[in-house]
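Asks: I am sharing structure-v1.txt, which consists of compact mmCIF, C-alpha atoms:
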# COMPACT_ATOMS: atom_id res chain seq x y z
CA MET N 1 51.71 -107.89 32.63
CA LYS N 2 52.85 -105.35 35.24
CA LYS N 3 54.58 -103.33 32.52
CA PHE N 4 51.43 -103.44 30.39
CA LEU N 5 49.24 -102.21 33.26
CA CYS N 6 51.67 -99.38 33.98
CA MET N 7 51.52 -98.29 30.35
CA LEU N 8 47.72 -98.25 30.43
CA LEU N 9 47.73 -96.21 33.64
CA THR N 10 50.19 -93.71 32.18
CA LEU N 11 48.10 -93.26 29.00
CA ALA N 12 44.96 -92.75 31.07
CA MET N 13 46.65 -90.00 33.07
CA VAL N 14 47.84 -88.26 29.87
CA PHE N 15 44.35 -88.22 28.36
CA THR N 16 42.87 -86.96 31.63
CA LEU N 17 45.34 -84.05 31.80
CA ALA N 18 44.74 -83.19 28.16
CA ALA N 19 41.00 -83.07 28.72
CA CYS N 20 41.40 -80.85 31.78
CA GLY N 21 43.77 -78.54 29.95
CA GLY N 22 41.26 -78.07 27.14
CA ASN N 23 38.70 -76.71 29.60
CA ASP N 24 40.97 -73.89 30.74
CA THR N 25 39.98 -71.80 27.71
CA PRO N 26 36.24 -71.19 27.36
CA SER N 27 34.82 -71.86 23.92
CA THR N 28 33.97 -68.72 21.94
CA PRO N 29 31.29 -68.69 19.22
CA ASP N 30 32.83 -68.26 15.79
CA ASN N 31 31.61 -64.85 14.65
CA SER N 32 34.39 -64.26 12.16
CA GLN N 33 32.04 -65.07 9.29
CA PRO N 34 29.40 -62.46 8.45
CA ASN N 35 25.68 -62.99 8.75
CA THR N 36 24.45 -63.28 5.18
CA GLY N 37 21.09 -61.93 6.24
CA ASP N 38 22.62 -58.55 7.11
CA ALA N 39 20.72 -55.41 6.17
CA SER N 40 23.61 -54.18 4.07
CA GLY N 41 22.47 -56.44 1.28
CA ASP N 42 25.07 -57.58 -1.24
CA THR N 43 28.08 -56.79 0.95
CA ALA N 44 28.08 -60.08 2.84
CA GLY N 45 30.66 -61.81 0.66
CA ASP N 46 32.95 -58.77 0.60
CA THR N 47 32.71 -58.34 4.36
CA GLY N 48 33.74 -61.94 4.89
CA ASP N 49 36.90 -61.45 2.85
CA THR N 50 37.87 -58.26 4.65
CA GLY N 51 36.65 -58.93 8.17
CA ASP N 52 37.63 -62.57 8.80
CA THR N 53 39.98 -62.55 11.76
CA GLY N 54 40.99 -66.21 11.72
CA ASP N 55 42.50 -67.38 15.00
CA THR N 56 41.98 -63.97 16.65
CA ALA N 57 38.17 -64.16 16.45
CA GLY N 58 36.68 -63.23 19.81
CA ASP N 59 39.98 -62.18 21.37
CA TYR N 60 39.14 -58.44 21.36
CA HIS N 61 36.19 -56.07 21.32
CA ILE N 62 35.30 -53.03 19.18
CA GLY N 63 32.98 -50.30 20.48
CA ILE N 64 30.79 -48.05 18.34
CA ILE N 65 29.00 -45.01 19.78
CA THR N 66 26.37 -43.19 17.72
CA GLY N 67 23.33 -40.99 18.16
CA SER N 68 19.90 -42.54 18.64
CA VAL N 69 17.67 -43.76 15.83
CA SER N 70 15.50 -40.66 16.25
CA GLN N 71 18.48 -38.32 15.77
CA SER N 72 20.97 -40.25 13.60
CA GLU N 73 19.18 -43.28 12.18
CA ASP N 74 21.65 -44.09 9.39
CA ASP N 75 24.62 -43.83 11.78
CA ARG N 76 22.94 -46.19 14.23
CA ARG N 77 21.79 -48.68 11.58
CA GLY N 78 25.34 -48.95 10.26
CA ALA N 79 26.62 -49.78 13.75
CA GLU N 80 23.87 -52.38 14.20
CA ALA N 81 24.69 -53.96 10.85
CA PHE N 82 28.34 -54.35 11.83
CA GLN N 83 27.36 -55.87 15.15
CA ALA N 84 25.00 -58.30 13.38
CA GLU N 85 27.88 -59.52 11.23
CA TYR N 86 30.46 -60.05 13.96
CA GLY N 87 28.33 -60.72 17.02
CA GLU N 88 27.27 -58.93 20.19
CA ASP N 89 30.07 -60.65 22.11
CA ARG N 90 32.67 -58.78 20.02
CA ILE N 91 30.98 -55.55 18.91
CA LYS N 92 29.70 -53.31 21.71
CA LEU N 93 27.28 -50.45 20.97
CA ALA N 94 26.32 -47.35 22.92
CA ILE N 95 24.24 -44.21 22.30
CA TYR N 96 25.15 -40.67 23.37
CA PRO N 97 22.32 -38.36 24.56
CA ASP N 98 20.02 -36.76 21.99
CA ASN N 99 20.61 -33.38 23.61
CA PHE N 100 24.37 -33.83 23.62
CA THR N 101 25.13 -30.09 23.73
CA GLU N 102 23.45 -29.77 27.15
CA GLU N 103 24.50 -33.19 28.44
CA LEU N 104 28.20 -32.88 27.77
CA GLU N 105 29.37 -34.83 30.81
CA THR N 106 27.01 -37.71 30.05
CA THR N 107 28.27 -37.78 26.47
CA ILE N 108 31.90 -37.89 27.62
CA GLN N 109 31.20 -40.61 30.18
CA THR N 110 29.28 -42.73 27.68
CA ILE N 111 32.33 -42.80 25.41
CA VAL N 112 34.88 -43.25 28.21
CA ASN N 113 32.90 -46.13 29.73
CA MET N 114 33.75 -48.24 26.68
CA SER N 115 37.37 -48.32 27.84
CA ASP N 116 36.40 -50.12 31.08
CA ASP N 117 36.21 -53.31 29.02
CA PRO N 118 39.67 -54.95 29.30
CA ASP N 119 39.23 -56.56 25.86
CA MET N 120 38.36 -53.28 24.13
CA LYS N 121 40.83 -52.50 21.31
CA ALA N 122 39.07 -49.80 19.27
CA ILE N 123 36.35 -47.19 19.87
CA ILE N 124 34.54 -45.43 17.03
CA VAL N 125 32.30 -42.39 17.59
CA ASN N 126 30.02 -41.37 14.69
CA GLN N 127 29.05 -38.59 14.68
CA ALA N 128 31.81 -37.23 16.89
CA VAL N 129 29.70 -34.69 18.76
CA PRO N 130 31.10 -32.13 21.26
CA GLY N 131 32.79 -33.97 24.12
CA THR N 132 34.44 -36.61 21.93
CA THR N 133 37.84 -34.92 22.06
CA GLU N 134 37.84 -34.83 25.87
CA ALA N 135 36.59 -38.43 26.03
CA PHE N 136 39.39 -39.62 23.76
CA ARG N 137 41.96 -37.78 25.89
CA GLN N 138 40.70 -39.51 29.01
CA ILE N 139 40.72 -42.89 27.27
CA LYS N 140 44.29 -42.42 26.08
CA GLU N 141 45.40 -41.58 29.62
CA ARG N 142 44.04 -44.85 30.98
CA ARG N 143 44.25 -47.10 27.92
CA PRO N 144 46.75 -45.88 25.32
CA ASP N 145 46.42 -49.22 23.52
CA ILE N 146 42.85 -48.45 22.39
CA ILE N 147 42.46 -47.07 18.86
CA CYS N 148 40.22 -43.97 18.94
CA ILE N 149 38.43 -43.07 15.68
CA ALA N 150 36.09 -40.11 15.08
CA GLY N 151 33.57 -39.96 12.25
CA GLU N 152 32.09 -36.64 11.08
CA SER N 153 33.38 -34.46 13.90
CA HIS N 154 31.35 -31.54 15.22
CA GLU N 155 34.47 -30.16 16.87
CA ASP N 156 37.32 -28.27 15.19
CA LEU N 157 39.29 -30.74 13.12
CA PRO N 158 42.76 -29.77 14.42
CA GLU N 159 41.43 -30.04 17.99
CA ILE N 160 39.90 -33.51 17.70
CA GLY N 161 42.86 -34.59 15.59
CA SER N 162 45.10 -33.92 18.58
CA ALA N 163 43.27 -36.58 20.61
CA ALA N 164 42.04 -39.14 18.07
CA ASP N 165 44.16 -41.66 16.19
CA LEU N 166 42.02 -41.10 13.08
CA VAL N 167 39.33 -38.59 12.08
CA CYS N 168 37.18 -38.95 8.95
CA ASN N 169 34.88 -36.12 7.82
CA ASN N 170 33.06 -35.49 4.58
CA ASP N 171 35.43 -33.71 2.21
CA PHE N 172 34.06 -30.16 2.17
CA VAL N 173 37.10 -29.04 0.17
CA SER N 174 37.10 -31.52 -2.72
CA ARG N 175 33.29 -31.63 -2.83
CA GLY N 176 33.17 -27.85 -3.09
CA TYR N 177 35.04 -28.18 -6.38
CA LEU N 178 33.52 -31.48 -7.59
CA ILE N 179 29.88 -30.49 -7.07
CA ILE N 180 30.44 -27.46 -9.29
CA ARG N 181 32.37 -29.52 -11.84
CA THR N 182 29.51 -32.03 -11.98
CA ALA N 183 26.94 -29.25 -12.44
CA HIS N 184 29.02 -27.85 -15.29
CA GLU N 185 29.26 -31.27 -16.97
CA LEU N 186 25.49 -31.64 -16.76
CA GLY N 187 25.05 -28.31 -18.59
CA CYS N 188 24.29 -25.96 -15.68
CA ASP N 189 25.18 -22.29 -16.04
CA THR N 190 24.25 -21.10 -12.51
CA PHE N 191 24.78 -22.46 -9.02
CA VAL N 192 22.50 -21.39 -6.17
CA HIS N 193 23.87 -21.88 -2.62
CA ILE N 194 21.18 -21.75 0.10
CA SER N 195 22.15 -21.28 3.75
CA PHE N 196 21.90 -18.95 6.79
CA PRO N 197 24.35 -17.07 9.06
CA ARG N 198 24.74 -19.76 11.75
CA HIS N 199 25.94 -22.33 9.22
CA MET N 200 28.12 -19.87 7.37
CA ALA N 201 29.99 -19.21 10.61
CA TYR N 202 31.33 -22.79 10.49
CA GLU N 203 34.72 -23.16 8.85
CA THR N 204 33.68 -26.25 6.89
CA MET N 205 30.65 -24.59 5.32
CA SER N 206 32.10 -21.14 4.73
CA ARG N 207 35.23 -22.63 3.14
CA ARG N 208 33.15 -24.89 0.94
CA ALA N 209 31.04 -21.94 -0.26
CA ALA N 210 34.21 -19.98 -1.08
CA ILE N 211 35.57 -22.98 -2.99
CA MET N 212 32.28 -23.35 -4.88
CA GLU N 213 32.39 -19.69 -5.90
CA GLU N 214 35.98 -19.99 -7.13
CA ALA N 215 35.12 -23.18 -9.04
CA CYS N 216 32.18 -21.39 -10.68
CA ASN N 217 34.62 -18.71 -11.85
CA ASP N 218 36.86 -21.39 -13.34
CA PHE N 219 33.99 -23.08 -15.18
CA GLY N 220 32.35 -19.85 -16.37
CA MET N 221 29.27 -20.29 -14.18
CA THR N 222 27.36 -17.76 -12.08
CA PHE N 223 27.50 -18.30 -8.30
CA VAL N 224 24.54 -17.04 -6.25
CA GLN N 225 23.95 -17.11 -2.49
CA GLU N 226 20.40 -17.17 -1.16
CA THR N 227 19.47 -16.97 2.53
CA ALA N 228 16.74 -19.14 4.05
CA PRO N 229 15.42 -19.30 7.64
CA ASP N 230 17.41 -21.28 10.20
CA PRO N 231 15.17 -24.15 11.40
CA THR N 232 16.57 -23.76 14.94
CA THR N 233 15.08 -20.26 15.25
CA ASP N 234 11.51 -19.36 16.17
CA VAL N 235 10.17 -20.30 12.71
CA GLY N 236 11.15 -23.92 13.35
CA ILE N 237 11.34 -26.64 10.71
CA PRO N 238 7.78 -26.03 9.38
CA GLY N 239 8.47 -22.33 8.81
CA ALA N 240 11.83 -22.98 7.17
CA GLN N 241 10.37 -25.59 4.85
CA ALA N 242 7.40 -23.39 3.97
CA TYR N 243 9.84 -20.65 2.95
CA ILE N 244 11.69 -23.00 0.57
CA LEU N 245 8.41 -24.21 -0.96
CA GLU N 246 7.40 -20.62 -1.58
CA LYS N 247 10.73 -19.34 -2.91
CA VAL N 248 11.83 -22.09 -5.32
CA PRO N 249 9.34 -21.18 -8.08
CA GLU N 250 10.59 -17.59 -7.83
CA TRP N 251 14.23 -18.72 -7.99
CA VAL N 252 13.61 -20.97 -11.00
CA SER N 253 11.94 -18.07 -12.80
CA LYS N 254 14.90 -15.83 -11.90
CA TYR N 255 17.83 -18.18 -12.57
CA GLY N 256 16.38 -20.48 -15.23
CA GLU N 257 16.01 -24.24 -15.45
CA ASN N 258 19.76 -24.75 -16.02
CA ALA N 259 20.57 -23.71 -12.46
CA ALA N 260 21.78 -26.22 -9.85
CA TYR N 261 20.79 -25.83 -6.19
CA PHE N 262 22.51 -26.77 -2.94
CA CYS N 263 21.38 -26.26 0.67
CA THR N 264 23.45 -26.65 3.83
CA ASN N 265 20.54 -27.78 6.04
CA ASP N 266 18.85 -31.18 5.95
CA ALA N 267 15.40 -29.73 6.73
CA HIS N 268 15.58 -27.58 3.58
CA THR N 269 16.41 -30.54 1.34
CA GLU N 270 13.00 -32.22 1.04
CA PRO N 271 10.99 -29.09 0.04
CA LEU N 272 13.80 -28.01 -2.32
CA LEU N 273 13.70 -31.37 -4.12
CA LYS N 274 9.92 -31.36 -4.25
CA ARG N 275 9.74 -27.95 -5.94
CA LEU N 276 12.66 -28.58 -8.33
CA LEU N 277 10.88 -31.68 -9.59
CA GLU N 278 7.83 -29.55 -10.24
CA TYR N 279 9.44 -26.41 -11.71
CA GLY N 280 12.77 -27.58 -13.12
CA GLY N 281 16.40 -27.31 -12.09
CA TYR N 282 19.29 -29.52 -10.94
CA PHE N 283 20.31 -30.97 -7.59
CA ILE N 284 23.76 -32.58 -7.56
CA GLU N 285 23.84 -34.00 -4.01
CA ALA N 286 22.87 -33.16 -0.43
CA ASP N 287 25.11 -31.72 2.25
CA LEU N 288 25.46 -35.21 3.78
CA PRO N 289 24.35 -37.33 0.81
CA SER N 290 22.12 -40.38 0.89
CA PRO N 291 19.23 -41.71 -1.23
CA LEU N 292 17.23 -41.26 1.97
CA MET N 293 18.08 -37.56 2.33
CA GLY N 294 14.97 -35.66 1.23
CA TYR N 295 14.00 -37.94 -1.64
CA PRO N 296 11.46 -40.27 0.06
CA GLY N 297 9.46 -37.32 1.42
CA ALA N 298 9.69 -35.29 -1.78
CA LEU N 299 8.56 -38.28 -3.86
CA GLY N 300 6.06 -39.69 -1.34
CA LEU N 301 7.85 -43.05 -1.15
CA ASP N 302 7.37 -45.82 1.39
CA LEU N 303 10.72 -47.59 1.73
CA THR N 304 9.80 -49.89 4.60
CA GLU N 305 10.38 -53.07 2.58
CA GLU N 306 13.71 -51.79 1.25
CA ALA N 307 15.05 -50.64 4.66
CA GLY N 308 18.79 -51.23 4.96
CA ASP N 309 19.25 -52.39 1.36
CA PHE N 310 20.68 -49.35 -0.40
CA ALA N 311 20.75 -50.97 -3.84
CA LYS N 312 16.97 -51.41 -3.64
CA ILE N 313 16.46 -47.99 -2.04
CA LEU N 314 18.41 -46.27 -4.82
CA ALA N 315 16.58 -48.22 -7.52
CA LYS N 316 13.18 -47.19 -6.15
CA VAL N 317 14.17 -43.54 -5.72
CA GLU N 318 15.73 -43.45 -9.18
CA SER N 319 12.67 -44.98 -10.82
CA SER N 320 10.44 -42.39 -9.16
CA ILE N 321 12.75 -39.55 -10.25
CA SER N 322 12.57 -40.73 -13.86
CA ASP N 323 8.78 -41.11 -13.68
CA ALA N 324 8.58 -37.50 -12.43
CA GLY N 325 10.62 -36.26 -15.40
CA GLY N 326 13.80 -35.59 -13.42
CA ALA N 327 16.18 -38.04 -15.12
CA ASP N 328 19.79 -36.77 -15.30
CA HIS N 329 18.95 -33.74 -13.12
CA PHE N 330 19.18 -35.23 -9.61
CA GLY N 331 22.07 -36.89 -7.81
CA THR N 332 23.17 -38.44 -4.54
CA TRP N 333 25.70 -40.79 -3.04
CA ALA N 334 24.42 -44.26 -3.81
CA TYR N 335 25.08 -45.42 -0.25
CA SER N 336 24.23 -43.53 2.92
CA TYR N 337 27.21 -41.62 4.29
CA GLY N 338 26.23 -42.12 7.94
CA TYR N 339 25.51 -45.84 7.60
CA THR N 340 28.70 -46.51 5.66
CA LEU N 341 30.86 -44.45 8.02
CA SER N 342 29.75 -46.30 11.17
CA ALA N 343 30.22 -49.76 9.69
CA GLY N 344 33.19 -48.89 7.48
CA LEU N 345 35.30 -47.26 10.20
CA ALA N 346 34.64 -50.25 12.46
CA GLN N 347 35.72 -52.53 9.62
CA HIS N 348 38.88 -50.45 9.18
CA ALA N 349 39.65 -50.73 12.90
CA MET N 350 39.23 -54.50 12.71
CA ASN N 351 41.54 -54.68 9.69
CA VAL N 352 44.17 -52.63 11.53
CA ILE N 353 43.98 -54.78 14.67
CA ASP N 354 44.29 -57.93 12.54
CA GLY N 355 47.37 -56.53 10.82
CA LYS N 356 45.70 -56.26 7.41
CA SER N 357 45.68 -52.46 7.13
CA GLU N 358 47.56 -49.36 8.20
CA LEU N 359 45.58 -47.03 10.47
CA GLN N 360 46.43 -43.78 8.67
CA ASP N 361 46.40 -45.07 5.09
CA MET N 362 43.70 -43.45 2.94
CA ASP N 363 43.54 -46.40 0.54
CA ASP N 364 42.96 -48.80 3.42
CA VAL N 365 40.20 -46.56 4.81
CA ALA N 366 38.55 -46.43 1.37
CA SER N 367 38.73 -50.22 1.03
CA ALA N 368 36.95 -50.67 4.36
CA LEU N 369 34.24 -48.18 3.39
CA GLN N 370 33.69 -50.00 0.10
CA VAL N 371 32.71 -53.15 1.98
CA TYR N 372 29.46 -51.31 2.74
CA SER N 373 29.26 -49.46 -0.59
CA PRO N 374 30.47 -52.13 -3.04
CA ASP N 375 29.53 -50.34 -6.27
CA ALA N 376 30.84 -46.89 -5.32
CA GLU N 377 34.37 -45.52 -5.20
CA TRP N 378 35.77 -43.37 -2.41
CA ASN N 379 38.55 -40.82 -2.37
CA GLY N 380 39.86 -38.13 -0.08
CA SER N 381 42.91 -36.41 1.28
CA GLY N 382 44.49 -35.17 4.46
CA TYR N 383 42.92 -32.07 5.99
CA THR N 384 44.91 -28.93 5.16
CA ASN N 385 44.82 -25.97 7.53
CA ALA N 386 43.89 -23.02 5.31
CA THR N 387 45.83 -20.59 7.52
CA THR N 388 49.09 -22.50 7.93
CA GLY N 389 48.95 -24.72 4.85
CA VAL N 390 49.92 -27.72 7.01
CA LYS N 391 48.34 -31.04 6.01
CA SER N 392 47.24 -33.41 8.78
CA ASP N 393 48.42 -37.02 8.86
CA ASN N 394 45.45 -38.38 10.83
CA VAL N 395 42.50 -36.18 9.77
CA PHE N 396 41.03 -37.37 6.47
CA LEU N 397 38.41 -35.66 4.34
CA ILE N 398 36.55 -38.32 2.37
CA TYR N 399 33.91 -38.47 -0.32
CA GLN N 400 31.98 -41.00 -2.35
CA ASP N 401 31.55 -40.78 -6.10
CA THR N 402 28.46 -38.83 -7.16
CA TYR N 403 25.64 -40.86 -8.72
CA ILE N 404 23.29 -39.07 -11.12
CA MET N 405 19.89 -40.75 -11.33
CA GLY N 406 18.43 -41.33 -14.75
CA ASN N 407 17.43 -44.09 -17.13
CA PRO N 408 19.97 -45.51 -16.67
CA GLY N 409 21.81 -43.57 -13.99
CA HIS N 410 25.55 -43.27 -13.84
CA TYR N 411 28.49 -42.40 -11.61
CA MET N 412 30.32 -39.20 -12.50
CA GLY N 413 33.79 -40.63 -11.87
CA ASN N 414 34.53 -37.93 -9.30
CA ALA N 415 36.62 -40.28 -7.18
CA GLN N 416 39.19 -40.28 -10.00
CA VAL N 417 39.24 -36.50 -10.57
CA GLU N 418 42.30 -34.61 -9.35
CA VAL N 419 41.20 -31.46 -7.53
CA PRO N 420 43.47 -28.48 -8.36
CA GLU N 421 45.83 -27.73 -5.50
CA LYS N 422 44.73 -24.12 -5.09
CA PHE N 423 41.35 -25.16 -3.69
CA PHE N 424 42.89 -26.75 -0.59
CA THR N 425 44.01 -23.40 0.82
CA ILE N 426 41.00 -21.23 -0.08
CA SER N 427 39.38 -19.81 3.06
Give the structure from the file, written as structure tokens.

Replies:
Amino acid sequence: MKKFLCMLLTLAMVFTLAACGGNDTPSTPDNSQPNTGDASGDTAGDTGDTGDTGDTAGDYHIGIITGSVSQSEDDRRGAEAFQAEYGEDRIKLAIYPDNFTEELETTIQTIVNMSDDPDMKAIIVNQAVPGTTEAFRQIKERRPDIICIAGESHEDLPEIGSAADLVCNNDFVSRGYLIIRTAHELGCDTFVHISFPRHMAYETMSRRAAIMEEACNDFGMTFVQETAPDPTTDVGIPGAQAYILEKVPEWVSKYGENAAYFCTNDAHTEPLLKRLLEYGGYFIEADLPSPLMGYPGALGLDLTEEAGDFAKILAKVESSISDAGGADHFGTWAYSYGYTLSAGLAQHAMNVIDGKSELQDMDDVASALQVYSPDAEWNGSGYTNATTGVKSDNVFLIYQDTYIMGNPGHYMGNAQVEVPEKFFTIS
């Protein structure tokens, strides 16, 4: 009997210790599975396959910094969608100032503050406005373990590439060639490039224009540059848009209905689309493409019910384009660049932390972006310095396949096209 009682006492002590030991680790909600009610629509299943972190769920944090909804709505909505899938306890969001050029120190501090979190493992800034490079340098000094990723940098690419682990910008080189190639395949004989001096002083835009001109020469097309008012000058956005509305009929009369048009400024896009639908012409894609870029205003669409669901947004825009007689003349990226970049780069960071992807692997980046653009292909390449010819290992120029709206619409297969090598060193 004494032996039996001793055994019972021993077992009781073991169970008590086990119970106490289990309380040492606080329970963490399981956010490794995505929220199927996410605004990104059909991507829920794909996101679950790519983003599930198994036993590591909740062990680290990812930070995403974007502009505000008023300044960069698509960027912000993409960050919010990613947070909705993986939980506020794991995904931390912040907003840099709207007037980031005049509030540089606040911008830098907003980004750096993310590194105060001891569980932070990756920080994504989209768009990477001025100050991001300095913020990343400060973060690396205090927390070299944190992965720093920049989306659509406003700073010189070699400069931000010296501080960031990964930089992803829209591919102004490949797109300069592919936009012209697409216009040629659609039967265009002229390409009209609309911009102003401030934009043409940027390397990305001036190089792209030079590439477009060279591509036009290769395809036997005429390249034309037209100048429009800068919306940041005294004329403002209303004056700049009024100019486009007035000039497009004149341009169509001058260059014919087989001309394709491209503008470097978002404010010019809506009036350009509106007039081309009325007078004829082609529009391959916007400077930063999205079904939301210019089309809703030009077509008078209310997309409140479709908000966040790009399959439905594209379908409604495409239907309206066809009804207006513009089938096979107007294109876009099927999924918003800003939305996809915020969520996709965060997904890539998660995949890297979980050991599923390599940080500086273009295929792995493309796979993460496709989680939020399931029907579209992505491609890209390392940034090549036009002066030195040196290709960067951590600065990627990326692009989504072009979608031409029609009845039915179709992708152009641009993600599979090999851009001739000479275009990567044109300046």

Asks: Find the residues near Ala315 in chain N: any atom within 10 Å, counting all atoms listed in the file, skip ones fewer than 3 places away on the same chain, and give them as number ranges by chain.

Replies: N: 291, 306, 310-312, 318-321, 334, 405, 409

Asks: Those same residues - C-alpha atoms - I'd like them written as an mmCIF file, keeping the file's coordinate frame.

Replies:
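Heads up, here's the output in out-v8.cif:
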data_model
loop_
_atom_site.group_PDB
_atom_site.id
_atom_site.type_symbol
_atom_site.label_atom_id
_atom_site.label_comp_id
_atom_site.auth_asym_id
_atom_site.auth_seq_id
_atom_site.Cartn_x
_atom_site.Cartn_y
_atom_site.Cartn_z
ATOM 1 C CA PRO N 291 19.230 -41.710 -1.230
ATOM 2 C CA GLU N 306 13.710 -51.790 1.250
ATOM 3 C CA PHE N 310 20.680 -49.350 -0.400
ATOM 4 C CA ALA N 311 20.750 -50.970 -3.840
ATOM 5 C CA LYS N 312 16.970 -51.410 -3.640
ATOM 6 C CA GLU N 318 15.730 -43.450 -9.180
ATOM 7 C CA SER N 319 12.670 -44.980 -10.820
ATOM 8 C CA SER N 320 10.440 -42.390 -9.160
ATOM 9 C CA ILE N 321 12.750 -39.550 -10.250
ATOM 10 C CA ALA N 334 24.420 -44.260 -3.810
ATOM 11 C CA MET N 405 19.890 -40.750 -11.330
ATOM 12 C CA GLY N 409 21.810 -43.570 -13.990
#

Asks: At a cut-off of 8 Å, using all atoms listed in the file, what residues contact Glu80 in chain N? Leave out same-chain residues fewer than 4 positions from it and give the result as a count of residues only.

Replies: 3

Asks: Which residue gives the smallest distance to Leu288 in chain N among N:Glu421, N:Asp266, N:Glu141, N:Asp218, with all atoms listed in the file counted?

Replies: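 Counting all atoms listed in the file, the residue closest to Leu288 in chain N is N:Asp266.
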
Asks: Would you mind listing what lies within 9 Å of Arg77 in chain N as a PyMOL selection string, with all atoms listed in the file counted and same-chain residues fewer than 3 positions away left out?

Replies: chain N and resi 39+69+72-74+80-82+308+338-339+342-343

Asks: Could you tell me how far CA of Ser174 in chain N sits from CA of Met212 in chain N, in Å to one decimal place?

Replies: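 It comes out at 9.7 Å.
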
Asks: Give me the residues near range 219-229 of chain N as an MDAnalysis selection string, where near means some atom within 9 Å (using all atoms listed in the file) and where sequence neighbours in that chain fewer than 3 positions away do not count.

Replies: chainID N and resid 180:181 184 188:197 209 212:216 232:233 235:237 239:241 243:244 268

Asks: Using all atoms listed in the file, find the one residue out of N:Val173, N:Met293, N:Ile111, N:Val167 that sits nearest to Ser153 in chain N.

Replies: N:Val167

Asks: From the set N:Thr340, N:Asp117, N:Val317, N:Ile426, which residue has the shortest atom-to-atom contact distance to Arg207 in chain N, counting only C-alpha atoms?

Replies: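 Among the listed residues, N:Ile426 lies closest to Arg207 in chain N.
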
Asks: Please provide the set of residues having any atom within 9 Å of Gly326 in chain N, restricted to all atoms listed in the file, with same-chain residues fewer than 4 positions apart removed, written as a list in words.

Replies: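 Residues meeting the cut-off are Leu276, Leu277, Gly280, Gly281, Tyr282, Ser320, Ile321, Ser322, Phe330, Met405 and Gly406 of chain N.
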
Asks: May I ask which of the residues N:Leu341, N:Leu301, N:Val395, N:Ala259 is the closest one to Ser373 in chain N, counting all atoms listed in the file?

Replies: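 Once distances to Ser373 in chain N are computed over all atoms listed in the file, the minimum belongs to N:Leu341.
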
Asks: Counting only C-alpha atoms, figure out which residue out of N:Pro118, N:Gly63, N:Gly176, N:Pro130 gets nearest to Ala286 in chain N.

Replies: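 Of N:Pro118, N:Gly63, N:Gly176, N:Pro130, the one nearest Ala286 in chain N is N:Gly176, counting only C-alpha atoms.
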
Asks: Complete range 330-341 of chain N at the level of N, CA and C atoms, written as an mmCIF file, keeping the file's coordinate frame.

Replies:
data_model
loop_
_atom_site.group_PDB
_atom_site.id
_atom_site.type_symbol
_atom_site.label_atom_id
_atom_site.label_comp_id
_atom_site.auth_asym_id
_atom_site.auth_seq_id
_atom_site.Cartn_x
_atom_site.Cartn_y
_atom_site.Cartn_z
ATOM 1 N N PHE N 330 19.111 -35.066 -11.061
ATOM 2 C CA PHE N 330 19.180 -35.230 -9.610
ATOM 3 C C PHE N 330 20.212 -36.293 -9.235
ATOM 4 N N GLY N 331 21.001 -35.986 -8.206
ATOM 5 C CA GLY N 331 22.070 -36.890 -7.810
ATOM 6 C C GLY N 331 22.114 -37.162 -6.326
ATOM 7 N N THR N 332 23.008 -38.051 -5.938
ATOM 8 C CA THR N 332 23.170 -38.440 -4.540
ATOM 9 C C THR N 332 24.455 -39.247 -4.414
ATOM 10 N N TRP N 333 24.775 -39.680 -3.221
ATOM 11 C CA TRP N 333 25.700 -40.790 -3.040
ATOM 12 C C TRP N 333 24.841 -42.036 -3.003
ATOM 13 N N ALA N 334 25.244 -43.061 -3.691
ATOM 14 C CA ALA N 334 24.420 -44.260 -3.810
ATOM 15 C C ALA N 334 24.209 -44.947 -2.467
ATOM 16 N N TYR N 335 25.164 -44.781 -1.563
ATOM 17 C CA TYR N 335 25.080 -45.420 -0.250
ATOM 18 C C TYR N 335 25.144 -44.342 0.824
ATOM 19 N N SER N 336 24.309 -44.505 1.840
ATOM 20 C CA SER N 336 24.230 -43.530 2.920
ATOM 21 C C SER N 336 25.596 -43.280 3.554
ATOM 22 N N TYR N 337 25.941 -42.002 3.675
ATOM 23 C CA TYR N 337 27.210 -41.620 4.290
ATOM 24 C C TYR N 337 27.281 -42.064 5.745
ATOM 25 N N GLY N 338 26.220 -41.789 6.522
ATOM 26 C CA GLY N 338 26.230 -42.120 7.940
ATOM 27 C C GLY N 338 26.299 -43.607 8.204
ATOM 28 N N TYR N 339 25.538 -44.384 7.470
ATOM 29 C CA TYR N 339 25.510 -45.840 7.600
ATOM 30 C C TYR N 339 26.881 -46.424 7.271
ATOM 31 N N THR N 340 27.416 -45.982 6.128
ATOM 32 C CA THR N 340 28.700 -46.510 5.660
ATOM 33 C C THR N 340 29.836 -46.130 6.601
ATOM 34 N N LEU N 341 29.775 -44.911 7.152
ATOM 35 C CA LEU N 341 30.860 -44.450 8.020
ATOM 36 C C LEU N 341 30.907 -45.264 9.315
#
